[in-house]
2 protein chains.
Amino acid sequence: MGERKAKDSLFDGFAEIAKALANGRRAELIDVLAQGQRHVEDLADQIGQSVANTSFHLRTLAAAGLVVTRRDKTRIYYRLSSDRVVDLWAAMRDVAAAHHDEIDALAAAYLGHRDELDEICRTELVARIAAGDVIVLDVRPAAEYASGHIASARSIPADRLDRELRTLPADVEIVAYCRGPYCVLADDAVRLLRRRGRVARRLEDGFPEWRHARLPIQSLRETSTGQPGS
Amino acid sequence: MGERKAKDSLFDGFAEIAKALANGRRAELIDVLAQGQRHVEDLADQIGQSVANTSFHLRTLAAAGLVVTRRDKTRIYYRLSSDRVVDLWAAMRDVAAAHHDEIDALAAAYLGHRDELDEICRTELVARIAAGDVIVLDVRPAAEYASGHIASARSIPADRLDRELRTLPADVEIVAYCRGPYCVLADDAVRLLRRRGRVARRLEDGFPEWRHARLPIQSLRETSTGQPGS
DNA sequence: TAACTTGTCAAGTGGTTCCTTGAATAGGAG
DNA sequence: CTCCTATTCAAGGAACCACTTGACAAGTTA
């Protein structure tokens, strides 16, 4: 094999990784899987696609080595093959946010205006948790909370928040968080809480970034869920 | 616009970034541009493609915001739009090396066996440079050396090394470096130097990683070349 | 201004990707 | 063993992508 051809093949190999991420639906899958493992039907529902199509996308990701599977009873669970994939996904969002002009407009269209939400940064939240004068609220779906969440956080999925609001003490500030910087769940939660007269803010980014910063986390059913090692 | 549609559009936007990298030739372009700016004809030569096709690929990268252009006299120079793009490229290679089984085989086919080359790590090289008992050799093309190189390094492009060997003192260890972990230039240089009876090793990774580690660098023609700010 | 250089555009061809529909598997449950 | 459920496979059509060739555009130099 010629040197040129060998080099081309190697870089085609690198490009395979990018190809796997080069589709909006697969990007959404990575974003969901960054929260923890999920089964196919669940993922199909998350990205709003047919099960067949979702299965196809998952195989594409698996072929590129970005996700791996595990069977548990009748379900097949997919998860990211390592934290490196989370880093890659974060790097992609960073570049997109910094250099792809359209992204700002698209993010605004999806997320709405964020200026008034007063994000709280991770270090400040750590201090507030230590001081004990704040409630940390995980508004992601229950399965994601089970897979791993901020230590001492309480779970109220976004779609049940209005109903379960009464179970939250009224005189303590609430900090809501969700999947990451491009997830609406915490934004919507903060807006709802404020309409109901609570003092609420949004945590910067989301759970994967908190874990990446090696801040304290917990998970339910430690053995069967949780995140990749390696 | 529905929430689903807005979310899909946003993630399609992220996928645009990956699409730009989802081609081996474009990946090679990024790899070359990580060394510094280059003009189109030069880049076409580097990736072994026609100027027209190279121009097309460069526009694709530019549309995704990964590269920007600057005209200088009759030439148009492309460079990466920021260091974030270098990070993204590094993250991609990391994931590929860790999870895509094929990559190992392809890398071996292109690079040959590296075991015998004894890489030296960056921190060790910093100490050896301070001690002054080593020659650092940049074997990349002259244009890349001019755009930026390890402080105190000397430039002898790989294709001239055999002829200019005599200008190197015989009793000092030589450390060669090039573009990065997937570049053959330093490997070939070390092999050649050893055949000629010199003591030589290869630096881990290459120049972009050295710069990323914020270790001392220099460049010629500081104003017109060099790397992106931001 | 005219001639030249460099880079981009346009059209065409062969190949690949995405998503839908409907059928096939592979395990677990009864 | 048979049924059932979750997932995967296969076929097909519309859309998109890579690379070639040859023409065009935008500057620079004389």
# chains A, B, ... in the order shown; residues from 1 in each chain; ligands from 1
>>> select_by_dssp(residues="segment 9-114 of chain A", states="strand (DSSP E)", output="PyMOL selection string")
chain A and resi 38-39+67-72+75-80
>>> residues_around(residues="Asp72 of chain B", least_positions_apart="3", cutoff="12 Å", atoms="only C-alpha atoms (C1' of nucleotides)", output="PDB file with N, CA and C atoms (P, O5', C5', C4', C3', O3' and C1' of nucleotides), in the first residue's frame")
ATOM      1  N   GLN B  37      -1.295  28.662   9.219  1.00  0.00           N
ATOM      2  CA  GLN B  37      -2.025  28.983   7.991  1.00  0.00           C
ATOM      3  C   GLN B  37      -1.289  28.505   6.738  1.00  0.00           C
ATOM      4  N   ARG B  38      -2.031  28.232   5.690  1.00  0.00           N
ATOM      5  CA  ARG B  38      -1.468  27.791   4.411  1.00  0.00           C
ATOM      6  C   ARG B  38      -2.358  28.295   3.288  1.00  0.00           C
ATOM      7  N   HIS B  39      -1.800  28.399   2.076  1.00  0.00           N
ATOM      8  CA  HIS B  39      -2.650  28.799   0.954  1.00  0.00           C
ATOM      9  C   HIS B  39      -3.165  27.577   0.207  1.00  0.00           C
ATOM     10  N   THR B  69     -10.461  32.846   6.230  1.00  0.00           N
ATOM     11  CA  THR B  69      -9.493  33.170   5.186  1.00  0.00           C
ATOM     12  C   THR B  69      -8.938  34.572   5.363  1.00  0.00           C
ATOM     13  N   ARG B  75      -2.276  35.494  -2.891  1.00  0.00           N
ATOM     14  CA  ARG B  75      -2.633  34.241  -2.235  1.00  0.00           C
ATOM     15  C   ARG B  75      -3.783  34.425  -1.260  1.00  0.00           C
ATOM     16  N   ILE B  76      -4.567  33.359  -1.087  1.00  0.00           N
ATOM     17  CA  ILE B  76      -5.568  33.352  -0.034  1.00  0.00           C
ATOM     18  C   ILE B  76      -5.145  32.317   0.996  1.00  0.00           C
ATOM     19  N   TYR B  77      -4.982  32.767   2.217  1.00  0.00           N
ATOM     20  CA  TYR B  77      -4.530  31.881   3.285  1.00  0.00           C
ATOM     21  C   TYR B  77      -5.697  31.438   4.141  1.00  0.00           C
ATOM     22  N   TYR B  78      -5.728  30.156   4.425  1.00  0.00           N
ATOM     23  CA  TYR B  78      -6.720  29.599   5.343  1.00  0.00           C
ATOM     24  C   TYR B  78      -6.037  29.293   6.666  1.00  0.00           C
ATOM     25  N   SER B 224       2.572  38.051  10.274  1.00  0.00           N
ATOM     26  CA  SER B 224       1.772  37.540   9.168  1.00  0.00           C
ATOM     27  C   SER B 224       1.418  36.067   9.317  1.00  0.00           C
ATOM     28  N   THR B 225       2.121  35.347  10.185  1.00  0.00           N
ATOM     29  CA  THR B 225       1.764  33.929  10.339  1.00  0.00           C
ATOM     30  C   THR B 225       1.296  33.706  11.768  1.00  0.00           C
TER      31      THR B 225
ATOM     32  P    DT C   6       0.265  31.535  -8.959  1.00  0.00           P
ATOM     33  O5'  DT C   6      -1.147  31.615  -8.236  1.00  0.00           O
ATOM     34  C5'  DT C   6      -1.393  32.673  -7.322  1.00  0.00           C
ATOM     35  C4'  DT C   6      -2.842  32.647  -6.927  1.00  0.00           C
ATOM     36  C3'  DT C   6      -3.315  31.279  -6.399  1.00  0.00           C
ATOM     37  O3'  DT C   6      -3.719  31.470  -5.057  1.00  0.00           O
ATOM     38  C1'  DT C   6      -4.850  32.192  -7.971  1.00  0.00           C
TER      39       DT C   6
ATOM     40  P    DG D  27     -11.826  41.204  -5.015  1.00  0.00           P
ATOM     41  O5'  DG D  27     -10.333  41.526  -4.622  1.00  0.00           O
ATOM     42  C5'  DG D  27      -9.496  42.061  -5.606  1.00  0.00           C
ATOM     43  C4'  DG D  27      -8.247  41.236  -5.729  1.00  0.00           C
ATOM     44  C3'  DG D  27      -7.042  42.138  -5.935  1.00  0.00           C
ATOM     45  O3'  DG D  27      -6.099  41.930  -4.895  1.00  0.00           O
ATOM     46  C1'  DG D  27      -7.224  40.481  -7.669  1.00  0.00           C
ATOM     47  P    DT D  28      -4.909  42.966  -4.759  1.00  0.00           P
ATOM     48  O5'  DT D  28      -3.830  42.428  -5.817  1.00  0.00           O
ATOM     49  C5'  DT D  28      -3.330  41.116  -5.677  1.00  0.00           C
ATOM     50  C4'  DT D  28      -2.170  40.906  -6.645  1.00  0.00           C
ATOM     51  C3'  DT D  28      -1.137  42.026  -6.647  1.00  0.00           C
ATOM     52  O3'  DT D  28       0.146  41.415  -6.678  1.00  0.00           O
ATOM     53  C1'  DT D  28      -1.993  41.716  -8.840  1.00  0.00           C
TER      54       DT D  28
END
>>> closest_atom_pairs(of="chain B", to="chain A", cutoff="8 Å", atoms="only C-alpha atoms", output="tab-separated table")
residue	atom	partner	partner_atom	distance
B:Glu3	CA	A:Tyr110	CA	6.6
B:Arg4	CA	A:Gly48	CA	7.8
B:Ala6	CA	A:Tyr110	CA	5.0
B:Lys7	CA	A:Tyr110	CA	5.9
B:Asp8	CA	A:Gly24	CA	6.5
B:Ser9	CA	A:Leu106	CA	6.7
B:Leu10	CA	A:Leu106	CA	5.2
B:Phe11	CA	A:Gly24	CA	4.7
B:Asp12	CA	A:Gly24	CA	4.1
B:Gly13	CA	A:Ile103	CA	6.1
B:Phe14	CA	A:Ala96	CA	6.0
B:Ala15	CA	A:Ala22	CA	4.6
B:Glu16	CA	A:Ala22	CA	6.5
B:Ile17	CA	A:Ala96	CA	6.4
B:Ala18	CA	A:Ala22	CA	4.7
B:Lys19	CA	A:Ala22	CA	4.6
B:Leu21	CA	A:Ala18	CA	5.7
B:Ala22	CA	A:Ala15	CA	4.6
B:Asn23	CA	A:Ala15	CA	5.1
B:Gly24	CA	A:Asp12	CA	4.1
B:Arg25	CA	A:Phe11	CA	7.3
B:Ala27	CA	A:Phe11	CA	6.3
B:Glu28	CA	A:Phe11	CA	6.5
B:Gly48	CA	A:Arg4	CA	7.8
B:Ala64	CA	A:His100	CA	5.9
B:Gly65	CA	A:His99	CA	4.8
B:Leu66	CA	A:His99	CA	6.8
B:Ser81	CA	A:His99	CA	7.5
B:Arg84	CA	A:Val95	CA	6.1
B:Val85	CA	A:Val95	CA	6.4
B:Asp87	CA	A:Ala91	CA	6.9
B:Leu88	CA	A:Ala91	CA	5.1
B:Ala91	CA	A:Leu88	CA	5.1
B:Met92	CA	A:Leu88	CA	6.3
B:Arg93	CA	A:Phe14	CA	6.4
B:Asp94	CA	A:Arg84	CA	7.4
B:Val95	CA	A:Arg84	CA	6.1
B:Ala96	CA	A:Phe14	CA	6.0
B:His99	CA	A:Gly65	CA	4.9
B:His100	CA	A:Gly65	CA	5.1
B:Asp101	CA	A:Gly65	CA	7.8
B:Glu102	CA	A:Gly13	CA	7.4
B:Ile103	CA	A:Gly13	CA	6.1
B:Leu106	CA	A:Leu10	CA	5.2
B:Ala107	CA	A:Leu10	CA	6.0
B:Ala109	CA	A:Ala6	CA	6.4
B:Tyr110	CA	A:Ala6	CA	5.0
>>> write_last_selection(atoms="C-alpha atoms", output="PDB file, in the first residue's frame")
ATOM      1  CA  GLU B   3     -40.532  22.594  20.278  1.00  0.00           C
ATOM      2  CA  ARG B   4     -39.604  19.302  18.633  1.00  0.00           C
ATOM      3  CA  ALA B   6     -36.719  23.701  17.180  1.00  0.00           C
ATOM      4  CA  LYS B   7     -34.747  21.067  19.037  1.00  0.00           C
ATOM      5  CA  ASP B   8     -34.146  19.093  15.867  1.00  0.00           C
ATOM      6  CA  SER B   9     -32.898  22.219  14.114  1.00  0.00           C
ATOM      7  CA  LEU B  10     -30.516  23.028  16.936  1.00  0.00           C
ATOM      8  CA  PHE B  11     -29.029  19.548  16.939  1.00  0.00           C
ATOM      9  CA  ASP B  12     -28.871  19.567  13.151  1.00  0.00           C
ATOM     10  CA  GLY B  13     -26.766  22.673  13.673  1.00  0.00           C
ATOM     11  CA  PHE B  14     -24.374  20.794  15.948  1.00  0.00           C
ATOM     12  CA  ALA B  15     -24.268  17.995  13.405  1.00  0.00           C
ATOM     13  CA  GLU B  16     -23.102  20.508  10.791  1.00  0.00           C
ATOM     14  CA  ILE B  17     -19.818  20.731  12.658  1.00  0.00           C
ATOM     15  CA  ALA B  18     -19.405  16.982  12.564  1.00  0.00           C
ATOM     16  CA  LYS B  19     -20.394  16.869   8.894  1.00  0.00           C
ATOM     17  CA  LEU B  21     -15.140  16.854   9.692  1.00  0.00           C
ATOM     18  CA  ALA B  22     -16.827  13.776   8.252  1.00  0.00           C
ATOM     19  CA  ASN B  23     -14.450  13.383   5.346  1.00  0.00           C
ATOM     20  CA  GLY B  24     -10.902  12.098   5.386  1.00  0.00           C
ATOM     21  CA  ARG B  25      -9.564  14.855   3.146  1.00  0.00           C
ATOM     22  CA  ALA B  27      -9.647  15.868   8.384  1.00  0.00           C
ATOM     23  CA  GLU B  28      -6.223  16.012   6.729  1.00  0.00           C
ATOM     24  CA  GLY B  48      -2.969  15.062  -2.746  1.00  0.00           C
ATOM     25  CA  ALA B  64     -19.139  25.366   9.284  1.00  0.00           C
ATOM     26  CA  GLY B  65     -17.010  28.091  10.855  1.00  0.00           C
ATOM     27  CA  LEU B  66     -13.956  25.904  11.384  1.00  0.00           C
ATOM     28  CA  SER B  81     -10.750  29.920  13.384  1.00  0.00           C
ATOM     29  CA  ARG B  84     -11.053  25.292  20.070  1.00  0.00           C
ATOM     30  CA  VAL B  85     -10.931  23.575  16.694  1.00  0.00           C
ATOM     31  CA  ASP B  87      -9.207  20.714  20.814  1.00  0.00           C
ATOM     32  CA  LEU B  88     -12.071  19.236  18.838  1.00  0.00           C
ATOM     33  CA  ALA B  91     -10.890  14.841  20.990  1.00  0.00           C
ATOM     34  CA  MET B  92     -11.848  13.133  17.747  1.00  0.00           C
ATOM     35  CA  ARG B  93      -8.510  11.380  17.456  1.00  0.00           C
ATOM     36  CA  ASP B  94      -8.695  10.336  21.097  1.00  0.00           C
ATOM     37  CA  VAL B  95     -12.071   8.734  20.671  1.00  0.00           C
ATOM     38  CA  ALA B  96     -10.990   7.102  17.436  1.00  0.00           C
ATOM     39  CA  HIS B  99     -12.871   2.942  20.535  1.00  0.00           C
ATOM     40  CA  HIS B 100     -12.573   2.346  16.829  1.00  0.00           C
ATOM     41  CA  ASP B 101     -10.712  -0.930  16.536  1.00  0.00           C
ATOM     42  CA  GLU B 102      -9.797  -0.395  12.918  1.00  0.00           C
ATOM     43  CA  ILE B 103      -7.780   2.738  13.714  1.00  0.00           C
ATOM     44  CA  LEU B 106      -4.657   1.689   9.947  1.00  0.00           C
ATOM     45  CA  ALA B 107      -2.232   3.657  12.092  1.00  0.00           C
ATOM     46  CA  ALA B 109      -0.068   0.435   8.345  1.00  0.00           C
ATOM     47  CA  TYR B 110       0.750   4.103   7.905  1.00  0.00           C
TER      48      TYR B 110
END
>>> atom_distance(atom1="atom C1' of DA25 of chain D", atom2="atom C1' of DA2 of chain C")
16.1 Å
>>> closest_atom_pairs(of="chain D", to="chain B", cutoff="12 Å", atoms="only C-alpha atoms (C1' of nucleotides)", output="CSV")
residue,atom,partner,partner_atom,distance
D:DC16,C1',B:Lys19,CA,11.9
D:DC17,C1',B:Asn23,CA,10.0
D:DA18,C1',B:Asn53,CA,8.6
D:DC19,C1',B:Asn53,CA,6.8
D:DT20,C1',B:Asn53,CA,8.8
D:DT21,C1',B:Ala52,CA,10.0
D:DG22,C1',B:Ala52,CA,11.1
D:DA26,C1',B:Thr74,CA,9.7
D:DG27,C1',B:Thr74,CA,6.7
D:DT28,C1',B:Thr74,CA,6.2
D:DT29,C1',B:Thr74,CA,10.0
>>> write_last_selection(atoms="C-alpha atoms (C1' of nucleotides)", output="mmCIF file, in the first residue's frame")
data_model
loop_
_atom_site.group_PDB
_atom_site.id
_atom_site.type_symbol
_atom_site.label_atom_id
_atom_site.label_comp_id
_atom_site.auth_asym_id
_atom_site.auth_seq_id
_atom_site.Cartn_x
_atom_site.Cartn_y
_atom_site.Cartn_z
ATOM 1 C "C1'" DC D 16 -27.243 14.682 -0.629
ATOM 2 C "C1'" DC D 17 -21.951 14.112 -1.278
ATOM 3 C "C1'" DA D 18 -17.246 13.574 -3.625
ATOM 4 C "C1'" DC D 19 -14.545 14.226 -7.294
ATOM 5 C "C1'" DT D 20 -13.569 15.524 -12.313
ATOM 6 C "C1'" DT D 21 -13.354 18.775 -16.086
ATOM 7 C "C1'" DG D 22 -13.583 23.127 -18.008
ATOM 8 C "C1'" DA D 26 -11.030 38.698 -8.496
ATOM 9 C "C1'" DG D 27 -7.224 40.481 -7.669
ATOM 10 C "C1'" DT D 28 -1.993 41.716 -8.840
ATOM 11 C "C1'" DT D 29 1.656 43.090 -11.724
#
>>> interface_residues(of="chain C", to="chain A", cutoff="9 Å", atoms="only C-alpha atoms (C1' of nucleotides)", output="PyMOL selection string")
chain C and resi 18-20+27-28
>>> write_last_selection(atoms="C-alpha atoms (C1' of nucleotides)", output="PDB file, in the first residue's frame")
ATOM      1  C1'  DC C  18     -31.985   8.982   5.724  1.00  0.00           C
ATOM      2  C1'  DC C  19     -36.304   7.472   6.806  1.00  0.00           C
ATOM      3  C1'  DT C  20     -40.515   4.524   5.951  1.00  0.00           C
ATOM      4  C1'  DG C  27     -34.373 -14.175  23.653  1.00  0.00           C
ATOM      5  C1'  DG C  28     -37.659 -14.484  27.947  1.00  0.00           C
TER       6       DG C  28
END
>>> atom_distance(atom1="atom CA of Ala200 of chain A", atom2="atom CA of Tyr177 of chain A")
10.9 Å
>>> residues_around(residues="DC3 of chain D", least_positions_apart="2", cutoff="10 Å", atoms="only C-alpha atoms (C1' of nucleotides)", output="list in words")
DA29 and DG30 of chain C; DC1 and DT5 of chain D
>>> write_last_selection(atoms="N, CA and C atoms (P, O5', C5', C4', C3', O3' and C1' of nucleotides)", output="PDB file, in the first residue's frame")
ATOM      1  P    DA C  29     -38.218 -13.382  31.830  1.00  0.00           P
ATOM      2  O5'  DA C  29     -39.629 -13.895  31.287  1.00  0.00           O
ATOM      3  C5'  DA C  29     -40.455 -12.980  30.558  1.00  0.00           C
ATOM      4  C4'  DA C  29     -41.852 -13.563  30.403  1.00  0.00           C
ATOM      5  C3'  DA C  29     -42.403 -14.261  31.656  1.00  0.00           C
ATOM      6  O3'  DA C  29     -43.804 -14.025  31.693  1.00  0.00           O
ATOM      7  C1'  DA C  29     -42.207 -15.841  29.892  1.00  0.00           C
ATOM      8  P    DG C  30     -44.646 -14.597  32.873  1.00  0.00           P
ATOM      9  O5'  DG C  30     -45.416 -15.815  32.195  1.00  0.00           O
ATOM     10  C5'  DG C  30     -46.249 -15.564  31.073  1.00  0.00           C
ATOM     11  C4'  DG C  30     -46.833 -16.875  30.550  1.00  0.00           C
ATOM     12  C3'  DG C  30     -47.443 -17.760  31.642  1.00  0.00           C
ATOM     13  O3'  DG C  30     -48.724 -18.217  31.221  1.00  0.00           O
ATOM     14  C1'  DG C  30     -45.846 -18.986  30.377  1.00  0.00           C
TER      15       DG C  30
ATOM     16  P    DC D   1     -38.358 -28.034  21.911  1.00  0.00           P
ATOM     17  O5'  DC D   1     -39.888 -27.721  22.083  1.00  0.00           O
ATOM     18  C5'  DC D   1     -40.841 -28.773  22.318  1.00  0.00           C
ATOM     19  C4'  DC D   1     -42.219 -28.136  22.316  1.00  0.00           C
ATOM     20  C3'  DC D   1     -42.422 -27.101  21.195  1.00  0.00           C
ATOM     21  O3'  DC D   1     -43.758 -27.201  20.697  1.00  0.00           O
ATOM     22  C1'  DC D   1     -42.580 -26.034  23.309  1.00  0.00           C
ATOM     23  P    DT D   5     -46.977  -9.079  23.978  1.00  0.00           P
ATOM     24  O5'  DT D   5     -45.568  -8.400  24.213  1.00  0.00           O
ATOM     25  C5'  DT D   5     -44.699  -8.887  25.238  1.00  0.00           C
ATOM     26  C4'  DT D   5     -43.291  -8.425  24.929  1.00  0.00           C
ATOM     27  C3'  DT D   5     -43.214  -7.052  24.269  1.00  0.00           C
ATOM     28  O3'  DT D   5     -42.291  -6.274  24.998  1.00  0.00           O
ATOM     29  C1'  DT D   5     -41.961  -8.630  23.026  1.00  0.00           C
TER      30       DT D   5
END
>>> closest_residue(among="B:Ile30, B:Cys178, B:Val126, B:Ala151", to="Asp138 of chain B", atoms="only C-alpha atoms")
B:Cys178
>>> residues_around(residues="DG12 of chain D", least_positions_apart="2", cutoff="10 Å", atoms="only C-alpha atoms (C1' of nucleotides)", output="PyMOL selection string")
(chain C and resi 20-21) or (chain D and resi 10+14)
>>> select_by_dssp(residues="chain B", states="helix (DSSP H, G or I)", output="JSON, numbers by chain")
{"B": [3, 4, 5, 6, 7, 8, 9, 10, 11, 12, 13, 14, 15, 16, 17, 18, 19, 20, 21, 24, 25, 26, 27, 28, 29, 30, 31, 32, 33, 40, 41, 42, 43, 44, 45, 46, 47, 51, 52, 53, 54, 55, 56, 57, 58, 59, 60, 61, 62, 63, 83, 84, 85, 86, 87, 88, 89, 90, 91, 92, 93, 94, 95, 96, 97, 98, 99, 101, 102, 103, 104, 105, 106, 107, 108, 109, 110, 111, 115, 116, 117, 122, 123, 124, 125, 126, 127, 128, 129, 130, 131, 142, 143, 144, 145, 146, 147, 158, 159, 160, 161, 162, 163, 164, 165, 166, 167, 185, 186, 187, 188, 189, 190, 191, 192, 193, 194, 195, 207, 208, 209, 210, 211, 212]}
>>> atom_distance(atom1="atom CA of Leu165 of chain B", atom2="atom CA of Glu41 of chain B")
29.7 Å
>>> closest_residue(among="A:Val40, A:Ala143, A:Ala186, A:Ile156", to="DT8 of chain D", atoms="only C-alpha atoms (C1' of nucleotides)")
A:Val40
>>> closest_residue(among="B:Glu124, B:Asp159, B:Asp188, B:Asp118", to="Arg201 of chain B", atoms="only C-alpha atoms")
B:Asp118
>>> decode(residues="chain C", atoms="C-alpha atoms (C1' of nucleotides)", output="mmCIF file, in the first residue's frame")
data_model
loop_
_atom_site.group_PDB
_atom_site.id
_atom_site.type_symbol
_atom_site.label_atom_id
_atom_site.label_comp_id
_atom_site.auth_asym_id
_atom_site.auth_seq_id
_atom_site.Cartn_x
_atom_site.Cartn_y
_atom_site.Cartn_z
ATOM 1 C "C1'" DT C 1 -5.221 49.349 -19.539
ATOM 2 C "C1'" DA C 2 -3.888 44.141 -20.649
ATOM 3 C "C1'" DA C 3 -1.925 39.873 -19.271
ATOM 4 C "C1'" DC C 4 -1.411 36.824 -15.580
ATOM 5 C "C1'" DT C 5 -2.061 34.172 -11.374
ATOM 6 C "C1'" DT C 6 -4.850 32.192 -7.971
ATOM 7 C "C1'" DG C 7 -8.943 30.551 -6.423
ATOM 8 C "C1'" DT C 8 -13.919 29.568 -7.106
ATOM 9 C "C1'" DC C 9 -18.083 28.041 -9.526
ATOM 10 C "C1'" DA C 10 -21.069 24.808 -12.483
ATOM 11 C "C1'" DA C 11 -22.484 20.638 -14.398
ATOM 12 C "C1'" DG C 12 -22.391 15.795 -14.448
ATOM 13 C "C1'" DT C 13 -21.755 11.003 -12.690
ATOM 14 C "C1'" DG C 14 -21.527 7.399 -9.490
ATOM 15 C "C1'" DG C 15 -21.972 6.494 -4.906
ATOM 16 C "C1'" DT C 16 -23.949 7.108 -0.032
ATOM 17 C "C1'" DT C 17 -27.374 8.506 3.530
ATOM 18 C "C1'" DC C 18 -31.985 8.982 5.724
ATOM 19 C "C1'" DC C 19 -36.304 7.472 6.806
ATOM 20 C "C1'" DT C 20 -40.515 4.524 5.951
ATOM 21 C "C1'" DT C 21 -42.782 0.131 5.700
ATOM 22 C "C1'" DG C 22 -43.184 -4.589 6.587
ATOM 23 C "C1'" DA C 23 -40.989 -8.858 7.708
ATOM 24 C "C1'" DA C 24 -37.614 -11.597 10.467
ATOM 25 C "C1'" DT C 25 -34.903 -12.797 14.878
ATOM 26 C "C1'" DA C 26 -33.657 -13.780 19.359
ATOM 27 C "C1'" DG C 27 -34.373 -14.175 23.653
ATOM 28 C "C1'" DG C 28 -37.659 -14.484 27.947
ATOM 29 C "C1'" DA C 29 -42.207 -15.841 29.892
ATOM 30 C "C1'" DG C 30 -45.846 -18.986 30.377
#
